[in-house]
Amino acid sequence: MSVEHNEANPQVNPLVHVIAPVAAIAATMLARRLLNGGYQRITGHSAPVPKDPSVSFSRAIAWTALTAATAAVVEVMVYRSAMHWGERS
């Protein structure tokens with residue numbers, strides 16, 4: 001009862017190539033809003049704007065690293081979910 005599955009080149013619905021990027025952008029924007037809102041709720045201050053010269057360099061780097069890592073994780077999750085949804089048997 002072995003089912004051969006070619007994981008290196010799965011057959012994916014072409015619509016996934018349109019939906020996944022749009023969904024990834026929307027999910028990333030939502031994640032950033034949630035991060036900014038969470039930062040404000042926890043600290044009582046607005047999230048740091050890395051381009052603002054009054055924000056310390058270390059704080060700007062830390063915030064940028066956190067938001068970039070979060071965005072990357074969200075993007076991977078969306079793309080993997082879309083690929084799984086769009087796989088053809």
# chains A, B, ... in the order shown; residues from 1 in each chain; ligands from 1
$ residues_around --residues "range 66-81 of chain A" --least-positions-apart "5" --cutoff "6 Å" --atoms "only C-alpha atoms" --output "ChimeraX atom specification"
/A:20,24,28
$ write_last_selection --atoms "N, CA and C atoms" --output "tab-separated table (two decimals), in the first residue's frame"
chain	number	residue	atom	x	y	z
A	20	ALA	N	-1.71	33.02	-3.29
A	20	ALA	CA	-0.72	32.98	-2.21
A	20	ALA	C	-0.01	34.32	-1.99
A	24	ALA	N	-0.37	36.40	1.38
A	24	ALA	CA	0.84	36.65	2.17
A	24	ALA	C	0.97	38.14	2.50
A	28	THR	N	0.76	39.51	6.28
A	28	THR	CA	1.90	40.26	6.81
A	28	THR	C	1.47	41.62	7.33
$ residues_around --residues "range 36-49 of chain A" --least-positions-apart "3" --cutoff "9 Å" --atoms "only C-alpha atoms" --output "PyMOL selection string"
chain A and resi 31-33+52-53+55+59-60+63-64
$ write_last_selection --atoms "C-alpha atoms" --output "short mmCIF file (atom, residue, chain, number, x, y, z; two decimals), in the first residue's frame"
data_model
loop_
_atom_site.label_atom_id
_atom_site.label_comp_id
_atom_site.auth_asym_id
_atom_site.auth_seq_id
_atom_site.Cartn_x
_atom_site.Cartn_y
_atom_site.Cartn_z
CA ALA A 31 0.76 40.67 11.65
CA ARG A 32 2.49 44.07 11.66
CA ARG A 33 -0.67 45.78 12.91
CA ASP A 52 13.23 58.13 13.20
CA PRO A 53 16.64 59.51 14.28
CA VAL A 55 14.99 56.13 18.18
CA ARG A 59 16.02 49.69 19.59
CA ALA A 60 15.53 50.29 15.87
CA TRP A 63 12.22 46.20 16.38
CA THR A 64 13.19 45.71 12.74
#
$ atom_distance --atom1 "CA of Ala26 in chain A" --atom2 "CA of Gly86 in chain A"
18.7 Å
$ atom_distance --atom1 "CA of Ala82 in chain A" --atom2 "CA of Ile25 in chain A"
13.1 Å
$ atom_distance --atom1 "CA of Leu34 in chain A" --atom2 "CA of Ala65 in chain A"
15.6 Å
$ select_by_dssp --residues "chain A" --states "alpha helix (DSSP H)" --output "PDB file with N, CA and C atoms, in the first residue's frame"
ATOM      1  N   VAL A  16      -3.147  29.007  -7.163  1.00  0.00           N
ATOM      2  CA  VAL A  16      -2.369  29.212  -5.938  1.00  0.00           C
ATOM      3  C   VAL A  16      -1.291  30.273  -6.162  1.00  0.00           C
ATOM      4  N   HIS A  17      -0.735  30.327  -7.351  1.00  0.00           N
ATOM      5  CA  HIS A  17       0.319  31.296  -7.653  1.00  0.00           C
ATOM      6  C   HIS A  17      -0.208  32.729  -7.689  1.00  0.00           C
ATOM      7  N   VAL A  18      -1.502  32.888  -7.769  1.00  0.00           N
ATOM      8  CA  VAL A  18      -2.114  34.213  -7.722  1.00  0.00           C
ATOM      9  C   VAL A  18      -2.584  34.520  -6.303  1.00  0.00           C
ATOM     10  N   ILE A  19      -3.201  33.540  -5.667  1.00  0.00           N
ATOM     11  CA  ILE A  19      -3.787  33.747  -4.348  1.00  0.00           C
ATOM     12  C   ILE A  19      -2.722  33.852  -3.252  1.00  0.00           C
ATOM     13  N   ALA A  20      -1.707  33.020  -3.292  1.00  0.00           N
ATOM     14  CA  ALA A  20      -0.715  32.981  -2.213  1.00  0.00           C
ATOM     15  C   ALA A  20      -0.009  34.317  -1.989  1.00  0.00           C
ATOM     16  N   PRO A  21       0.483  34.997  -3.027  1.00  0.00           N
ATOM     17  CA  PRO A  21       1.142  36.283  -2.763  1.00  0.00           C
ATOM     18  C   PRO A  21       0.200  37.331  -2.176  1.00  0.00           C
ATOM     19  N   VAL A  22      -1.028  37.374  -2.660  1.00  0.00           N
ATOM     20  CA  VAL A  22      -1.997  38.338  -2.137  1.00  0.00           C
ATOM     21  C   VAL A  22      -2.309  38.017  -0.674  1.00  0.00           C
ATOM     22  N   ALA A  23      -2.509  36.740  -0.379  1.00  0.00           N
ATOM     23  CA  ALA A  23      -2.782  36.330   0.996  1.00  0.00           C
ATOM     24  C   ALA A  23      -1.579  36.606   1.898  1.00  0.00           C
ATOM     25  N   ALA A  24      -0.372  36.401   1.384  1.00  0.00           N
ATOM     26  CA  ALA A  24       0.838  36.655   2.175  1.00  0.00           C
ATOM     27  C   ALA A  24       0.974  38.138   2.504  1.00  0.00           C
ATOM     28  N   ILE A  25       0.687  38.995   1.542  1.00  0.00           N
ATOM     29  CA  ILE A  25       0.759  40.442   1.791  1.00  0.00           C
ATOM     30  C   ILE A  25      -0.265  40.848   2.844  1.00  0.00           C
ATOM     31  N   ALA A  26      -1.485  40.360   2.694  1.00  0.00           N
ATOM     32  CA  ALA A  26      -2.539  40.705   3.659  1.00  0.00           C
ATOM     33  C   ALA A  26      -2.202  40.177   5.053  1.00  0.00           C
ATOM     34  N   ALA A  27      -1.717  38.950   5.141  1.00  0.00           N
ATOM     35  CA  ALA A  27      -1.387  38.368   6.441  1.00  0.00           C
ATOM     36  C   ALA A  27      -0.206  39.094   7.081  1.00  0.00           C
ATOM     37  N   THR A  28       0.756  39.514   6.284  1.00  0.00           N
ATOM     38  CA  THR A  28       1.901  40.255   6.806  1.00  0.00           C
ATOM     39  C   THR A  28       1.468  41.618   7.333  1.00  0.00           C
ATOM     40  N   MET A  29       0.596  42.287   6.597  1.00  0.00           N
ATOM     41  CA  MET A  29       0.088  43.584   7.065  1.00  0.00           C
ATOM     42  C   MET A  29      -0.670  43.417   8.384  1.00  0.00           C
ATOM     43  N   LEU A  30      -1.473  42.374   8.493  1.00  0.00           N
ATOM     44  CA  LEU A  30      -2.204  42.105   9.720  1.00  0.00           C
ATOM     45  C   LEU A  30      -1.246  41.816  10.880  1.00  0.00           C
ATOM     46  N   ALA A  31      -0.223  41.008  10.610  1.00  0.00           N
ATOM     47  CA  ALA A  31       0.758  40.675  11.651  1.00  0.00           C
ATOM     48  C   ALA A  31       1.469  41.930  12.149  1.00  0.00           C
ATOM     49  N   ARG A  32       1.821  42.820  11.244  1.00  0.00           N
ATOM     50  CA  ARG A  32       2.486  44.067  11.657  1.00  0.00           C
ATOM     51  C   ARG A  32       1.558  44.940  12.496  1.00  0.00           C
ATOM     52  N   ARG A  33       0.295  45.003  12.117  1.00  0.00           N
ATOM     53  CA  ARG A  33      -0.671  45.778  12.914  1.00  0.00           C
ATOM     54  C   ARG A  33      -0.811  45.180  14.316  1.00  0.00           C
ATOM     55  N   LEU A  34      -0.852  43.851  14.379  1.00  0.00           N
ATOM     56  CA  LEU A  34      -0.953  43.189  15.677  1.00  0.00           C
ATOM     57  C   LEU A  34       0.296  43.429  16.522  1.00  0.00           C
ATOM     58  N   LEU A  35       1.470  43.368  15.902  1.00  0.00           N
ATOM     59  CA  LEU A  35       2.710  43.649  16.631  1.00  0.00           C
ATOM     60  C   LEU A  35       2.719  45.079  17.165  1.00  0.00           C
ATOM     61  N   ASN A  36       2.361  46.029  16.308  1.00  0.00           N
ATOM     62  CA  ASN A  36       2.342  47.426  16.737  1.00  0.00           C
ATOM     63  C   ASN A  36       1.333  47.640  17.859  1.00  0.00           C
ATOM     64  N   GLY A  37       0.163  47.043  17.729  1.00  0.00           N
ATOM     65  CA  GLY A  37      -0.858  47.159  18.772  1.00  0.00           C
ATOM     66  C   GLY A  37      -0.423  46.510  20.074  1.00  0.00           C
ATOM     67  N   GLY A  38       0.209  45.347  19.966  1.00  0.00           N
ATOM     68  CA  GLY A  38       0.714  44.663  21.158  1.00  0.00           C
ATOM     69  C   GLY A  38       1.802  45.470  21.851  1.00  0.00           C
ATOM     70  N   TYR A  39       2.674  46.051  21.063  1.00  0.00           N
ATOM     71  CA  TYR A  39       3.737  46.890  21.623  1.00  0.00           C
ATOM     72  C   TYR A  39       3.129  48.061  22.383  1.00  0.00           C
ATOM     73  N   GLN A  40       2.136  48.691  21.788  1.00  0.00           N
ATOM     74  CA  GLN A  40       1.508  49.850  22.422  1.00  0.00           C
ATOM     75  C   GLN A  40       0.770  49.449  23.702  1.00  0.00           C
ATOM     76  N   ARG A  41       0.085  48.309  23.673  1.00  0.00           N
ATOM     77  CA  ARG A  41      -0.629  47.849  24.875  1.00  0.00           C
ATOM     78  C   ARG A  41       0.347  47.515  26.001  1.00  0.00           C
ATOM     79  N   ILE A  42       1.455  46.875  25.661  1.00  0.00           N
ATOM     80  CA  ILE A  42       2.416  46.447  26.683  1.00  0.00           C
ATOM     81  C   ILE A  42       3.209  47.618  27.249  1.00  0.00           C
ATOM     82  N   THR A  43       3.695  48.502  26.358  1.00  0.00           N
ATOM     83  CA  THR A  43       4.577  49.584  26.813  1.00  0.00           C
ATOM     84  C   THR A  43       3.855  50.892  27.083  1.00  0.00           C
ATOM     85  N   PHE A  57      19.684  53.305  18.004  1.00  0.00           N
ATOM     86  CA  PHE A  57      20.065  52.344  16.974  1.00  0.00           C
ATOM     87  C   PHE A  57      19.719  50.919  17.409  1.00  0.00           C
ATOM     88  N   SER A  58      20.033  50.575  18.652  1.00  0.00           N
ATOM     89  CA  SER A  58      19.772  49.208  19.113  1.00  0.00           C
ATOM     90  C   SER A  58      18.267  48.910  19.162  1.00  0.00           C
ATOM     91  N   ARG A  59      17.482  49.883  19.566  1.00  0.00           N
ATOM     92  CA  ARG A  59      16.023  49.692  19.591  1.00  0.00           C
ATOM     93  C   ARG A  59      15.462  49.562  18.181  1.00  0.00           C
ATOM     94  N   ALA A  60      15.971  50.366  17.264  1.00  0.00           N
ATOM     95  CA  ALA A  60      15.526  50.287  15.867  1.00  0.00           C
ATOM     96  C   ALA A  60      15.870  48.930  15.265  1.00  0.00           C
ATOM     97  N   ILE A  61      17.070  48.442  15.529  1.00  0.00           N
ATOM     98  CA  ILE A  61      17.492  47.130  15.007  1.00  0.00           C
ATOM     99  C   ILE A  61      16.645  46.019  15.621  1.00  0.00           C
ATOM    100  N   ALA A  62      16.424  46.083  16.923  1.00  0.00           N
ATOM    101  CA  ALA A  62      15.634  45.037  17.588  1.00  0.00           C
ATOM    102  C   ALA A  62      14.213  44.993  17.043  1.00  0.00           C
ATOM    103  N   TRP A  63      13.591  46.158  16.884  1.00  0.00           N
ATOM    104  CA  TRP A  63      12.221  46.200  16.378  1.00  0.00           C
ATOM    105  C   TRP A  63      12.164  45.723  14.922  1.00  0.00           C
ATOM    106  N   THR A  64      13.143  46.135  14.136  1.00  0.00           N
ATOM    107  CA  THR A  64      13.193  45.705  12.739  1.00  0.00           C
ATOM    108  C   THR A  64      13.375  44.197  12.642  1.00  0.00           C
ATOM    109  N   ALA A  65      14.250  43.638  13.480  1.00  0.00           N
ATOM    110  CA  ALA A  65      14.478  42.193  13.465  1.00  0.00           C
ATOM    111  C   ALA A  65      13.210  41.433  13.860  1.00  0.00           C
ATOM    112  N   LEU A  66      12.531  41.926  14.873  1.00  0.00           N
ATOM    113  CA  LEU A  66      11.294  41.267  15.307  1.00  0.00           C
ATOM    114  C   LEU A  66      10.224  41.314  14.224  1.00  0.00           C
ATOM    115  N   THR A  67      10.014  42.482  13.623  1.00  0.00           N
ATOM    116  CA  THR A  67       8.970  42.590  12.606  1.00  0.00           C
ATOM    117  C   THR A  67       9.336  41.804  11.347  1.00  0.00           C
ATOM    118  N   ALA A  68      10.602  41.815  10.974  1.00  0.00           N
ATOM    119  CA  ALA A  68      11.019  41.066   9.782  1.00  0.00           C
ATOM    120  C   ALA A  68      10.893  39.561  10.005  1.00  0.00           C
ATOM    121  N   ALA A  69      11.300  39.097  11.170  1.00  0.00           N
ATOM    122  CA  ALA A  69      11.182  37.665  11.470  1.00  0.00           C
ATOM    123  C   ALA A  69       9.723  37.231  11.499  1.00  0.00           C
ATOM    124  N   THR A  70       8.887  38.052  12.111  1.00  0.00           N
ATOM    125  CA  THR A  70       7.461  37.738  12.160  1.00  0.00           C
ATOM    126  C   THR A  70       6.866  37.693  10.754  1.00  0.00           C
ATOM    127  N   ALA A  71       7.214  38.673   9.933  1.00  0.00           N
ATOM    128  CA  ALA A  71       6.710  38.709   8.558  1.00  0.00           C
ATOM    129  C   ALA A  71       7.181  37.484   7.771  1.00  0.00           C
ATOM    130  N   ALA A  72       8.420  37.074   7.973  1.00  0.00           N
ATOM    131  CA  ALA A  72       8.945  35.900   7.261  1.00  0.00           C
ATOM    132  C   ALA A  72       8.213  34.628   7.678  1.00  0.00           C
ATOM    133  N   VAL A  73       7.967  34.477   8.964  1.00  0.00           N
ATOM    134  CA  VAL A  73       7.254  33.291   9.453  1.00  0.00           C
ATOM    135  C   VAL A  73       5.828  33.267   8.916  1.00  0.00           C
ATOM    136  N   VAL A  74       5.158  34.402   8.942  1.00  0.00           N
ATOM    137  CA  VAL A  74       3.787  34.492   8.426  1.00  0.00           C
ATOM    138  C   VAL A  74       3.768  34.153   6.938  1.00  0.00           C
ATOM    139  N   GLU A  75       4.723  34.667   6.193  1.00  0.00           N
ATOM    140  CA  GLU A  75       4.780  34.394   4.751  1.00  0.00           C
ATOM    141  C   GLU A  75       4.974  32.910   4.479  1.00  0.00           C
ATOM    142  N   VAL A  76       5.868  32.264   5.204  1.00  0.00           N
ATOM    143  CA  VAL A  76       6.087  30.822   5.021  1.00  0.00           C
ATOM    144  C   VAL A  76       4.817  30.048   5.348  1.00  0.00           C
ATOM    145  N   MET A  77       4.159  30.424   6.437  1.00  0.00           N
ATOM    146  CA  MET A  77       2.918  29.735   6.820  1.00  0.00           C
ATOM    147  C   MET A  77       1.850  29.877   5.739  1.00  0.00           C
ATOM    148  N   VAL A  78       1.708  31.077   5.191  1.00  0.00           N
ATOM    149  CA  VAL A  78       0.690  31.310   4.159  1.00  0.00           C
ATOM    150  C   VAL A  78       1.025  30.517   2.899  1.00  0.00           C
ATOM    151  N   TYR A  79       2.268  30.584   2.449  1.00  0.00           N
ATOM    152  CA  TYR A  79       2.644  29.867   1.235  1.00  0.00           C
ATOM    153  C   TYR A  79       2.496  28.360   1.400  1.00  0.00           C
ATOM    154  N   ARG A  80       2.903  27.845   2.545  1.00  0.00           N
ATOM    155  CA  ARG A  80       2.769  26.401   2.755  1.00  0.00           C
ATOM    156  C   ARG A  80       1.300  25.980   2.819  1.00  0.00           C
ATOM    157  N   SER A  81       0.499  26.799   3.467  1.00  0.00           N
ATOM    158  CA  SER A  81      -0.933  26.491   3.529  1.00  0.00           C
ATOM    159  C   SER A  81      -1.556  26.533   2.140  1.00  0.00           C
ATOM    160  N   ALA A  82      -1.181  27.538   1.355  1.00  0.00           N
ATOM    161  CA  ALA A  82      -1.722  27.657  -0.001  1.00  0.00           C
ATOM    162  C   ALA A  82      -1.263  26.491  -0.875  1.00  0.00           C
ATOM    163  N   MET A  83      -0.014  26.101  -0.745  1.00  0.00           N
ATOM    164  CA  MET A  83       0.484  24.973  -1.543  1.00  0.00           C
ATOM    165  C   MET A  83      -0.228  23.685  -1.147  1.00  0.00           C
ATOM    166  N   HIS A  84      -0.429  23.497   0.142  1.00  0.00           N
ATOM    167  CA  HIS A  84      -1.124  22.299   0.601  1.00  0.00           C
ATOM    168  C   HIS A  84      -2.567  22.295   0.106  1.00  0.00           C
ATOM    169  N   TRP A  85      -3.215  23.461   0.172  1.00  0.00           N
ATOM    170  CA  TRP A  85      -4.594  23.589  -0.311  1.00  0.00           C
ATOM    171  C   TRP A  85      -4.687  23.332  -1.812  1.00  0.00           C
ATOM    172  N   GLY A  86      -3.680  23.784  -2.549  1.00  0.00           N
ATOM    173  CA  GLY A  86      -3.740  23.703  -3.995  1.00  0.00           C
ATOM    174  C   GLY A  86      -3.158  22.461  -4.623  1.00  0.00           C
TER     175      GLY A  86
END
